[in-house]
file target.cif (mmCIF, C-alpha atoms and all ligand atoms)
data_upload
#
loop_
_atom_site.group_PDB
_atom_site.id
_atom_site.type_symbol
_atom_site.label_atom_id
_atom_site.label_comp_id
_atom_site.auth_asym_id
_atom_site.auth_seq_id
_atom_site.Cartn_x
_atom_site.Cartn_y
_atom_site.Cartn_z
ATOM 1 C CA MET A 1454 134.788 205.254 44.954
ATOM 2 C CA LYS A 1455 135.223 205.839 41.263
ATOM 3 C CA LEU A 1456 135.297 209.529 40.442
ATOM 4 C CA ASP A 1457 137.168 209.585 37.162
ATOM 5 C CA THR A 1458 134.255 208.119 35.170
ATOM 6 C CA ILE A 1459 131.715 210.723 36.333
ATOM 7 C CA ARG A 1460 130.874 212.804 33.262
ATOM 8 C CA ASN A 1461 128.077 215.280 32.729
ATOM 9 C CA GLU A 1462 127.329 216.907 29.409
ATOM 10 C CA TYR A 1463 126.048 220.476 29.379
ATOM 11 C CA ASN A 1464 123.610 221.563 26.705
ATOM 12 C CA LEU A 1465 120.885 223.737 28.223
ATOM 13 C CA SER A 1466 121.784 227.121 26.848
ATOM 14 C CA ALA A 1467 124.361 229.315 25.107
ATOM 15 C CA LEU A 1468 126.029 232.647 25.677
ATOM 16 C CA THR A 1469 127.340 234.996 23.004
ATOM 17 C CA LYS A 1470 128.734 238.528 23.025
ATOM 18 C CA LYS A 1471 125.567 239.502 21.134
ATOM 19 C CA ASN A 1472 123.005 237.914 23.464
ATOM 20 C CA VAL A 1473 124.503 239.127 26.765
ATOM 21 C CA ASP A 1474 123.429 242.453 28.199
ATOM 22 C CA THR A 1475 125.991 245.229 27.694
ATOM 23 C CA ASN A 1476 125.607 245.957 31.422
ATOM 24 C CA PRO A 1477 127.009 243.146 33.632
ATOM 25 C CA PHE A 1478 124.673 244.049 36.517
ATOM 26 C CA ARG A 1479 121.634 243.546 34.257
ATOM 27 C CA GLN A 1480 123.169 240.311 32.965
ATOM 28 C CA PHE A 1481 123.646 239.208 36.582
ATOM 29 C CA GLU A 1482 120.045 240.113 37.382
ATOM 30 C CA ASN A 1483 118.772 238.035 34.433
ATOM 31 C CA TRP A 1484 120.724 234.996 35.572
ATOM 32 C CA LEU A 1485 119.857 235.448 39.248
ATOM 33 C CA LYS A 1486 116.153 235.599 38.310
ATOM 34 C CA ALA A 1487 116.517 232.331 36.410
ATOM 35 C CA ALA A 1488 118.261 230.799 39.449
ATOM 36 C CA LEU A 1489 115.487 232.005 41.780
ATOM 37 C CA TYR A 1490 112.905 230.271 39.554
ATOM 38 C CA SER A 1491 115.029 227.116 39.218
ATOM 39 C CA LYS A 1492 115.196 224.184 41.613
ATOM 40 C CA GLU A 1493 118.417 225.474 43.241
ATOM 41 C CA LYS A 1494 118.011 225.278 47.018
ATOM 42 C CA GLU A 1495 120.245 228.268 47.804
ATOM 43 C CA PRO A 1496 120.299 230.433 44.670
ATOM 44 C CA THR A 1497 121.663 233.447 46.594
ATOM 45 C CA ALA A 1498 124.541 231.461 48.123
ATOM 46 C CA MET A 1499 127.931 232.631 46.890
ATOM 47 C CA SER A 1500 131.432 231.616 47.708
ATOM 48 C CA LEU A 1501 133.349 234.595 49.073
ATOM 49 C CA SER A 1502 137.105 234.302 48.650
ATOM 50 C CA THR A 1503 139.505 236.505 50.537
ATOM 51 C CA ILE A 1504 143.256 236.715 50.905
ATOM 52 C CA GLY A 1505 143.705 235.320 54.404
ATOM 53 C CA THR A 1506 145.785 237.083 57.041
ATOM 54 C CA ASP A 1507 148.267 234.194 56.600
ATOM 55 C CA GLY A 1508 148.619 235.104 52.897
ATOM 56 C CA PHE A 1509 146.681 232.073 51.664
ATOM 57 C CA PRO A 1510 143.361 232.357 49.795
ATOM 58 C CA ASP A 1511 140.314 231.268 51.786
ATOM 59 C CA SER A 1512 136.698 230.695 50.716
ATOM 60 C CA ARG A 1513 133.367 230.291 52.432
ATOM 61 C CA ILE A 1514 129.687 230.577 51.513
ATOM 62 C CA VAL A 1515 127.749 233.737 52.411
ATOM 63 C CA LEU A 1516 124.305 234.846 51.253
ATOM 64 C CA LEU A 1517 123.770 237.718 48.846
ATOM 65 C CA LYS A 1518 121.194 240.047 50.410
ATOM 66 C CA PHE A 1519 121.131 243.070 48.087
ATOM 67 C CA PHE A 1520 122.713 244.156 44.871
ATOM 68 C CA ASN A 1521 122.582 247.116 42.534
ATOM 69 C CA GLU A 1522 125.104 248.999 40.401
ATOM 70 C CA ASN A 1523 126.917 250.074 43.586
ATOM 71 C CA GLY A 1524 127.762 246.492 44.509
ATOM 72 C CA PHE A 1525 126.858 243.168 46.118
ATOM 73 C CA VAL A 1526 125.981 243.095 49.822
ATOM 74 C CA PHE A 1527 126.319 240.300 52.391
ATOM 75 C CA PHE A 1528 126.228 240.421 56.208
ATOM 76 C CA THR A 1529 128.604 238.938 58.715
ATOM 77 C CA ASN A 1530 130.599 239.368 61.898
ATOM 78 C CA TYR A 1531 133.260 242.063 61.327
ATOM 79 C CA SER A 1532 135.582 240.341 63.856
ATOM 80 C CA SER A 1533 135.398 236.986 62.033
ATOM 81 C CA GLU A 1534 138.289 235.539 60.061
ATOM 82 C CA LYS A 1535 136.848 236.936 56.818
ATOM 83 C CA GLY A 1536 136.381 240.330 58.492
ATOM 84 C CA LYS A 1537 140.038 240.405 59.528
ATOM 85 C CA SER A 1538 141.125 239.327 56.045
ATOM 86 C CA ILE A 1539 139.065 242.062 54.360
ATOM 87 C CA GLU A 1540 140.423 244.625 56.824
ATOM 88 C CA LYS A 1541 143.954 243.707 55.746
ATOM 89 C CA ASN A 1542 143.196 243.265 52.046
ATOM 90 C CA PRO A 1543 139.818 244.332 50.621
ATOM 91 C CA ALA A 1544 140.372 242.449 47.329
ATOM 92 C CA VAL A 1545 137.779 239.637 47.224
ATOM 93 C CA SER A 1546 135.951 237.437 44.771
ATOM 94 C CA LEU A 1547 132.388 236.164 44.712
ATOM 95 C CA HIS A 1548 131.434 232.941 42.994
ATOM 96 C CA PHE A 1549 127.980 231.615 42.174
ATOM 97 C CA PHE A 1550 127.428 228.063 40.869
ATOM 98 C CA TRP A 1551 123.964 226.992 39.753
ATOM 99 C CA PRO A 1552 124.402 223.375 38.579
ATOM 100 C CA SER A 1553 120.796 222.919 37.443
ATOM 101 C CA LEU A 1554 121.302 225.817 35.010
ATOM 102 C CA GLU A 1555 124.854 224.751 34.088
ATOM 103 C CA ARG A 1556 126.054 228.239 35.003
ATOM 104 C CA GLN A 1557 128.687 229.916 37.121
ATOM 105 C CA ILE A 1558 129.475 233.588 37.684
ATOM 106 C CA ARG A 1559 132.779 234.948 38.974
ATOM 107 C CA ILE A 1560 132.979 238.498 40.275
ATOM 108 C CA SER A 1561 136.037 240.218 41.675
ATOM 109 C CA GLY A 1562 136.317 243.580 43.327
ATOM 110 C CA LYS A 1563 136.895 245.424 46.566
ATOM 111 C CA ALA A 1564 134.842 244.945 49.733
ATOM 112 C CA GLU A 1565 133.934 247.888 51.940
ATOM 113 C CA LYS A 1566 131.764 248.051 55.054
ATOM 114 C CA THR A 1567 128.207 249.182 54.335
ATOM 115 C CA ASN A 1568 127.017 252.182 56.288
ATOM 116 C CA HIS A 1569 125.530 251.654 59.743
ATOM 117 C CA GLY A 1570 121.997 252.433 58.513
ATOM 118 C CA ILE A 1571 122.014 249.565 55.980
ATOM 119 C CA SER A 1572 123.304 247.086 58.589
ATOM 120 C CA GLU A 1573 120.791 248.250 61.186
ATOM 121 C CA LYS A 1574 117.843 248.100 58.785
ATOM 122 C CA TYR A 1575 118.744 244.550 57.764
ATOM 123 C CA PHE A 1576 119.484 243.425 61.341
ATOM 124 C CA ILE A 1577 116.142 244.551 62.747
ATOM 125 C CA GLU A 1578 114.301 242.658 59.996
ATOM 126 C CA ARG A 1579 116.017 239.361 60.954
ATOM 127 C CA PRO A 1580 114.109 236.803 63.057
ATOM 128 C CA PHE A 1581 114.678 237.205 66.826
ATOM 129 C CA ASP A 1582 116.691 233.971 67.129
ATOM 130 C CA SER A 1583 119.032 235.012 64.290
ATOM 131 C CA GLN A 1584 119.576 238.343 66.036
ATOM 132 C CA ILE A 1585 120.421 236.489 69.241
ATOM 133 C CA ALA A 1586 122.756 234.132 67.362
ATOM 134 C CA ALA A 1587 124.659 237.138 65.967
ATOM 135 C CA TRP A 1588 125.195 238.378 69.534
ATOM 136 C CA ALA A 1589 126.075 234.932 70.904
ATOM 137 C CA SER A 1590 128.572 233.780 68.286
ATOM 138 C CA GLU A 1591 132.082 235.179 68.392
ATOM 139 C CA GLN A 1592 132.401 233.979 64.828
ATOM 140 C CA SER A 1593 135.612 232.111 63.917
ATOM 141 C CA LYS A 1594 136.947 232.030 67.510
ATOM 142 C CA GLU A 1595 137.752 228.715 69.187
ATOM 143 C CA ILE A 1596 135.109 227.674 71.718
ATOM 144 C CA PRO A 1597 135.307 224.892 74.300
ATOM 145 C CA SER A 1598 132.082 223.071 73.393
ATOM 146 C CA ARG A 1599 128.636 223.148 71.766
ATOM 147 C CA GLU A 1600 127.168 223.636 75.284
ATOM 148 C CA PHE A 1601 129.225 226.836 75.707
ATOM 149 C CA LEU A 1602 127.625 228.269 72.550
ATOM 150 C CA GLU A 1603 124.099 227.239 73.540
ATOM 151 C CA LYS A 1604 124.573 228.716 77.001
ATOM 152 C CA ARG A 1605 125.630 232.053 75.495
ATOM 153 C CA PHE A 1606 122.601 231.922 73.196
ATOM 154 C CA GLU A 1607 120.262 231.418 76.190
ATOM 155 C CA GLU A 1608 122.020 234.204 78.130
ATOM 156 C CA TYR A 1609 121.577 236.698 75.282
ATOM 157 C CA LYS A 1610 117.950 235.585 74.927
ATOM 158 C CA LYS A 1611 117.435 236.601 78.564
ATOM 159 C CA THR A 1612 119.304 239.893 78.062
ATOM 160 C CA PHE A 1613 116.951 240.839 75.256
ATOM 161 C CA GLU A 1614 113.715 239.241 76.503
ATOM 162 C CA ASN A 1615 112.108 242.613 77.227
ATOM 163 C CA ASN A 1616 113.714 244.740 74.543
ATOM 164 C CA THR A 1617 114.462 244.407 70.846
ATOM 165 C CA PRO A 1618 118.063 243.301 70.183
ATOM 166 C CA LYS A 1619 120.206 246.165 68.952
ATOM 167 C CA LEU A 1620 122.676 245.845 66.104
ATOM 168 C CA PRO A 1621 125.868 244.383 67.617
ATOM 169 C CA PRO A 1622 128.799 246.795 67.114
ATOM 170 C CA PHE A 1623 130.839 243.925 65.611
ATOM 171 C CA TRP A 1624 128.222 242.895 63.012
ATOM 172 C CA GLY A 1625 127.115 244.346 59.670
ATOM 173 C CA GLY A 1626 127.313 244.360 55.917
ATOM 174 C CA TYR A 1627 130.040 244.421 53.314
ATOM 175 C CA ASN A 1628 129.476 245.799 49.843
ATOM 176 C CA VAL A 1629 131.625 244.297 47.099
ATOM 177 C CA VAL A 1630 132.245 246.807 44.305
ATOM 178 C CA PRO A 1631 132.982 244.740 41.200
ATOM 179 C CA GLN A 1632 135.707 245.463 38.690
ATOM 180 C CA LYS A 1633 135.355 242.191 36.741
ATOM 181 C CA PHE A 1634 132.552 239.684 35.984
ATOM 182 C CA GLU A 1635 132.756 236.376 34.167
ATOM 183 C CA PHE A 1636 129.624 234.518 33.056
ATOM 184 C CA TRP A 1637 130.110 230.820 32.257
ATOM 185 C CA GLN A 1638 127.583 228.674 30.461
ATOM 186 C CA GLY A 1639 128.246 224.933 30.095
ATOM 187 C CA ARG A 1640 128.187 223.670 26.479
ATOM 188 C CA VAL A 1641 128.643 220.350 24.693
ATOM 189 C CA ASN A 1642 132.067 218.699 24.345
ATOM 190 C CA ARG A 1643 133.524 220.946 27.062
ATOM 191 C CA LEU A 1644 133.445 223.895 24.615
ATOM 192 C CA HIS A 1645 131.856 226.108 27.225
ATOM 193 C CA ASP A 1646 130.958 229.772 26.754
ATOM 194 C CA ARG A 1647 132.821 232.322 28.860
ATOM 195 C CA ILE A 1648 132.026 236.013 28.641
ATOM 196 C CA LEU A 1649 134.219 238.434 30.554
ATOM 197 C CA TYR A 1650 133.319 242.034 31.486
ATOM 198 C CA GLU A 1651 136.129 244.333 32.593
ATOM 199 C CA LYS A 1652 135.808 247.909 33.731
ATOM 200 C CA ASN A 1653 138.050 250.400 31.946
ATOM 201 C CA GLU A 1654 137.513 253.925 33.224
ATOM 202 C CA LYS A 1655 133.714 253.837 33.515
ATOM 203 C CA ILE A 1656 133.099 251.603 30.495
ATOM 204 C CA TRP A 1657 132.531 247.839 30.665
ATOM 205 C CA THR A 1658 134.317 245.988 27.849
ATOM 206 C CA ILE A 1659 133.171 242.505 26.838
ATOM 207 C CA LYS A 1660 135.429 239.658 25.710
ATOM 208 C CA ARG A 1661 134.961 235.969 24.980
ATOM 209 C CA LEU A 1662 137.456 233.613 26.674
ATOM 210 C CA ALA A 1663 138.502 230.125 25.638
ATOM 211 C CA PRO A 1664 136.930 227.516 27.881
HETATM 212 C C1 LIG B 1701 124.357 228.218 52.827
HETATM 213 C C2 LIG B 1701 125.259 228.991 53.754
HETATM 214 C C3 LIG B 1701 125.003 230.331 53.983
HETATM 215 C C4 LIG B 1701 125.829 231.083 54.821
HETATM 216 N N1 LIG B 1701 125.608 232.417 54.964
HETATM 217 C C5 LIG B 1701 126.447 233.165 55.713
HETATM 218 C C6 LIG B 1701 126.307 234.586 55.750
HETATM 219 O O1 LIG B 1701 125.462 235.202 55.050
HETATM 220 N N2 LIG B 1701 127.155 235.277 56.567
HETATM 221 C C7 LIG B 1701 128.127 234.648 57.302
HETATM 222 O O2 LIG B 1701 128.849 235.326 58.029
HETATM 223 N N3 LIG B 1701 128.307 233.321 57.245
HETATM 224 C C8 LIG B 1701 127.491 232.560 56.467
HETATM 225 N N4 LIG B 1701 127.692 231.200 56.373
HETATM 226 C C9 LIG B 1701 128.780 230.581 57.174
HETATM 227 C C10 LIG B 1701 130.138 230.818 56.471
HETATM 228 O O3 LIG B 1701 130.258 229.945 55.359
HETATM 229 C C11 LIG B 1701 131.338 230.655 57.414
HETATM 230 O O4 LIG B 1701 131.295 229.385 58.029
HETATM 231 C C12 LIG B 1701 131.386 231.722 58.491
HETATM 232 O O5 LIG B 1701 131.010 232.988 57.973
HETATM 233 C C13 LIG B 1701 132.774 231.830 59.123
HETATM 234 O O6 LIG B 1701 133.711 232.145 58.131
HETATM 235 P P1 LIG B 1701 135.150 232.803 58.464
HETATM 236 O O7 LIG B 1701 135.683 232.076 59.659
HETATM 237 O O8 LIG B 1701 135.970 232.598 57.239
HETATM 238 O O9 LIG B 1701 134.910 234.265 58.763
HETATM 239 C C14 LIG B 1701 126.910 230.448 55.503
HETATM 240 C C15 LIG B 1701 127.180 229.097 55.251
HETATM 241 C C16 LIG B 1701 126.387 228.393 54.371
HETATM 242 C C17 LIG B 1701 126.737 226.958 54.038
#
call {"tool": "encode", "arguments": {"input": "target.cif", "output": "structure tokens"}}
result
Amino acid sequence: MKLDTIRNEYNLSALTKKNVDTNPFRQFENWLKAALYSKEKEPTAMSLSTIGTDGFPDSRIVLLKFFNENGFVFFTNYSSEKGKSIEKNPAVSLHFFWPSLERQIRISGKAEKTNHGISEKYFIERPFDSQIAAWASEQSKEIPSREFLEKRFEEYKKTFENNTPKLPPFWGGYNVVPQKFEFWQGRVNRLHDRILYEKNEKIWTIKRLAP
């Protein structure tokens, strides 16, 4: 396998301090819209990095479900590894990569649990089988086999066959409140554009970074 000769040039677009929105949430919305209309298969997929309970950074993909100026919301199992990490240290980062647009976005901030109402509203809109899967999976715990998981799934299906599954007490949303955004646009000759937004008091300042 020869990896060192793989080279892609990036030349689709450009980013300047003048052409970005002064508000990073609006800038995010513009880029997310472009990603939703692009051929990306999972445009709302983002890598969530946490400081693990062992002190090492850890990353995994989660799906962005809502965002506004209050933050970026994803849903998960609160007892999972990521849930434990956030409990210990709420500092997290979110990372989007949309290769077909030659773009990445880095966001860092603090994660907090969403209120019960937001989690419940989202949970009851999920398909039945996804609701059952949330009940059946003790996310991140060791399990003896695939059969064990499928058996639990069938058991919870029976439990809820005559009534709508309730929101599990161990499941819900996190809202990430950003304090920094970086928008990256690939350019020719590796001279990429990087625009950083940082929050000082309530004002977002904008800087250009070297690629
Ligand atoms: C495309 C994709 C979407 C995913 N979406 C979610 C999600 O929204 N919530 C979630 O808890 N896990 C999601 N996962 C699974 C996580 O990446 C991860 O395996 C799981 O949350 C356990 O992580 P943890 O042990 O670090 O807590 C997704 C995985 C992929 C590849």
call {"tool": "closest_residue", "arguments": {"input": "target.cif", "among": "A:Lys1563, A:Glu1607, A:Ser1583, A:Glu1555", "to": "Ala1467 of chain A", "atoms": "all atoms listed in the file"}}
result
A:Glu1555
call {"tool": "closest_atom_pairs", "arguments": {"input": "target.cif", "of": "chain A", "to": "ligand LIG 1701 (chain B)", "cutoff": "7 Å", "atoms": "all atoms listed in the file", "output": "tab-separated table"}}
result
residue	atom	partner	partner_atom	distance
A:Glu1495	CA	B:LIG1701	C1	6.5
A:Ala1498	CA	B:LIG1701	C1	5.7
A:Ser1512	CA	B:LIG1701	O8	6.8
A:Arg1513	CA	B:LIG1701	O3	4.3
A:Ile1514	CA	B:LIG1701	O3	3.9
A:Val1515	CA	B:LIG1701	N1	3.6
A:Leu1516	CA	B:LIG1701	O1	4.0
A:Leu1517	CA	B:LIG1701	O1	6.9
A:Phe1527	CA	B:LIG1701	O1	5.8
A:Phe1528	CA	B:LIG1701	N2	5.2
A:Thr1529	CA	B:LIG1701	O2	3.7
A:Asn1530	CA	B:LIG1701	O2	5.9
A:Ser1533	CA	B:LIG1701	O9	4.3
A:Glu1534	CA	B:LIG1701	O9	3.8
A:Lys1535	CA	B:LIG1701	O9	3.8
A:Gly1536	CA	B:LIG1701	O9	6.2
A:Gln1592	CA	B:LIG1701	C13	6.1
A:Ser1593	CA	B:LIG1701	O7	4.3
call {"tool": "write_last_selection", "arguments": {"input": "target.cif", "atoms": "C-alpha atoms", "output": "mmCIF file, keeping the file's coordinate frame"}}
result
data_model
loop_
_atom_site.group_PDB
_atom_site.id
_atom_site.type_symbol
_atom_site.label_atom_id
_atom_site.label_comp_id
_atom_site.auth_asym_id
_atom_site.auth_seq_id
_atom_site.Cartn_x
_atom_site.Cartn_y
_atom_site.Cartn_z
ATOM 1 C CA GLU A 1495 120.245 228.268 47.804
ATOM 2 C CA ALA A 1498 124.541 231.461 48.123
ATOM 3 C CA SER A 1512 136.698 230.695 50.716
ATOM 4 C CA ARG A 1513 133.367 230.291 52.432
ATOM 5 C CA ILE A 1514 129.687 230.577 51.513
ATOM 6 C CA VAL A 1515 127.749 233.737 52.411
ATOM 7 C CA LEU A 1516 124.305 234.846 51.253
ATOM 8 C CA LEU A 1517 123.770 237.718 48.846
ATOM 9 C CA PHE A 1527 126.319 240.300 52.391
ATOM 10 C CA PHE A 1528 126.228 240.421 56.208
ATOM 11 C CA THR A 1529 128.604 238.938 58.715
ATOM 12 C CA ASN A 1530 130.599 239.368 61.898
ATOM 13 C CA SER A 1533 135.398 236.986 62.033
ATOM 14 C CA GLU A 1534 138.289 235.539 60.061
ATOM 15 C CA LYS A 1535 136.848 236.936 56.818
ATOM 16 C CA GLY A 1536 136.381 240.330 58.492
ATOM 17 C CA GLN A 1592 132.401 233.979 64.828
ATOM 18 C CA SER A 1593 135.612 232.111 63.917
#
call {"tool": "atom_distance", "arguments": {"input": "target.cif", "atom1": "atom CA of Gln1632 of chain A", "atom2": "atom CA of Gly1524 of chain A"}}
result
9.9 Å
call {"tool": "resolve_selection", "arguments": {"input": "target.cif", "expression": "the PyMOL selection byres (((chain A and resi 1590) around 10) and not hetatm)", "output": "list in words"}}
result
Asn1530, Ser1533, Ile1585, Ala1586, Ala1587, Trp1588, Ala1589, Glu1591, Gln1592, Ser1593, Lys1594, Ile1596, Leu1602, Glu1603, Arg1605 and Phe1606 of chain A
call {"tool": "resolve_selection", "arguments": {"input": "target.cif", "expression": "the PyMOL selection byres (((chain A and resi 1656) around 12) and not hetatm)", "output": "list in words"}}
result
Thr1475, Asn1476, Pro1477, Gln1632, Lys1633, Tyr1650, Glu1651, Lys1652, Asn1653, Glu1654, Lys1655, Trp1657, Thr1658 and Ile1659 of chain A
call {"tool": "resolve_selection", "arguments": {"input": "target.cif", "expression": "the PyMOL selection byres (((chain A and resi 1466) around 12) and not hetatm)", "output": "number ranges by chain"}}
result
A: 1462-1465, 1467-1469, 1472, 1484, 1553-1556, 1637-1641, 1645-1646
call {"tool": "atom_distance", "arguments": {"input": "target.cif", "atom1": "atom CA of Lys1660 of chain A", "atom2": "atom CA of Lys1470 of chain A"}}
result
7.3 Å
call {"tool": "closest_residue", "arguments": {"input": "target.cif", "among": "A:Ser1502, A:Asn1461, A:Asn1521, A:Asn1628", "to": "Ser1538 of chain A", "atoms": "only C-alpha atoms"}}
result
A:Ser1502
call {"tool": "closest_residue", "arguments": {"input": "target.cif", "among": "A:Arg1647, A:Arg1599, A:Tyr1627, A:Lys1537", "to": "Ile1571 of chain A", "atoms": "all atoms listed in the file"}}
result
A:Tyr1627
call {"tool": "residues_around", "arguments": {"input": "target.cif", "residues": "Asn1483 of chain A", "least_positions_apart": "5", "cutoff": "10 Å", "atoms": "all atoms listed in the file", "output": "VMD selection string"}}
result
chain A and resid 1473 to 1474 1477 to 1478 1488
call {"tool": "write_last_selection", "arguments": {"input": "target.cif", "atoms": "C-alpha atoms", "output": "short mmCIF file (atom, residue, chain, number, x, y, z; two decimals), in the coordinates of the input"}}
result
data_model
loop_
_atom_site.label_atom_id
_atom_site.label_comp_id
_atom_site.auth_asym_id
_atom_site.auth_seq_id
_atom_site.Cartn_x
_atom_site.Cartn_y
_atom_site.Cartn_z
CA VAL A 1473 124.50 239.13 26.76
CA ASP A 1474 123.43 242.45 28.20
CA PRO A 1477 127.01 243.15 33.63
CA PHE A 1478 124.67 244.05 36.52
CA ALA A 1488 118.26 230.80 39.45
#
call {"tool": "atom_distance", "arguments": {"input": "target.cif", "atom1": "atom CA of Ile1504 of chain A", "atom2": "atom CA of Pro1622 of chain A"}}
result
23.9 Å
call {"tool": "closest_residue", "arguments": {"input": "target.cif", "among": "A:Lys1541, A:Ser1546, A:Phe1481, A:Gly1625", "to": "Arg1559 of chain A", "atoms": "only C-alpha atoms"}}
result
A:Ser1546
call {"tool": "axis_aligned_box", "arguments": {"input": "target.cif", "around": "segment 1623-1627 of chain A", "padding_each_side": "6 Å", "output": "lines of an AutoDock Vina configuration file"}}
result
center_x = 129.0
center_y = 243.7
center_z = 59.5
size_x = 15.7
size_y = 13.5
size_z = 24.3
call {"tool": "closest_residue", "arguments": {"input": "target.cif", "among": "A:Phe1613, A:Phe1581, A:Phe1520, A:Phe1576", "to": "Val1629 of chain A", "atoms": "all atoms listed in the file"}}
result
A:Phe1520
call {"tool": "closest_residue", "arguments": {"input": "target.cif", "among": "A:Glu1608, A:Glu1573, A:Glu1595, A:Glu1600", "to": "Leu1620 of chain A", "atoms": "all atoms listed in the file"}}
result
A:Glu1573
call {"tool": "decode", "arguments": {"input": "target.cif", "residues": "segment 1522-1542 of chain A", "atoms": "C-alpha atoms", "output": "mmCIF file, in the first residue's frame"}}
result
data_model
loop_
_atom_site.group_PDB
_atom_site.id
_atom_site.type_symbol
_atom_site.label_atom_id
_atom_site.label_comp_id
_atom_site.auth_asym_id
_atom_site.auth_seq_id
_atom_site.Cartn_x
_atom_site.Cartn_y
_atom_site.Cartn_z
ATOM 1 C CA GLU A 1522 -27.013 30.447 19.272
ATOM 2 C CA ASN A 1523 -27.384 28.532 22.555
ATOM 3 C CA GLY A 1524 -25.350 25.600 21.264
ATOM 4 C CA PHE A 1525 -25.074 22.324 19.356
ATOM 5 C CA VAL A 1526 -27.189 19.362 20.472
ATOM 6 C CA PHE A 1527 -26.584 15.615 20.118
ATOM 7 C CA PHE A 1528 -28.225 12.662 21.901
ATOM 8 C CA THR A 1529 -26.646 9.715 23.619
ATOM 9 C CA ASN A 1530 -26.561 7.403 26.610
ATOM 10 C CA TYR A 1531 -25.573 9.433 29.705
ATOM 11 C CA SER A 1532 -23.928 6.325 31.248
ATOM 12 C CA SER A 1533 -21.719 5.735 28.185
ATOM 13 C CA GLU A 1534 -17.982 6.351 28.178
ATOM 14 C CA LYS A 1535 -18.500 9.808 26.652
ATOM 15 C CA GLY A 1536 -21.177 10.555 29.263
ATOM 16 C CA LYS A 1537 -18.775 9.692 32.080
ATOM 17 C CA SER A 1538 -16.025 11.774 30.475
ATOM 18 C CA ILE A 1539 -18.292 14.823 30.121
ATOM 19 C CA GLU A 1540 -19.457 14.395 33.719
ATOM 20 C CA LYS A 1541 -15.833 14.609 34.858
ATOM 21 C CA ASN A 1542 -14.743 17.293 32.395
#
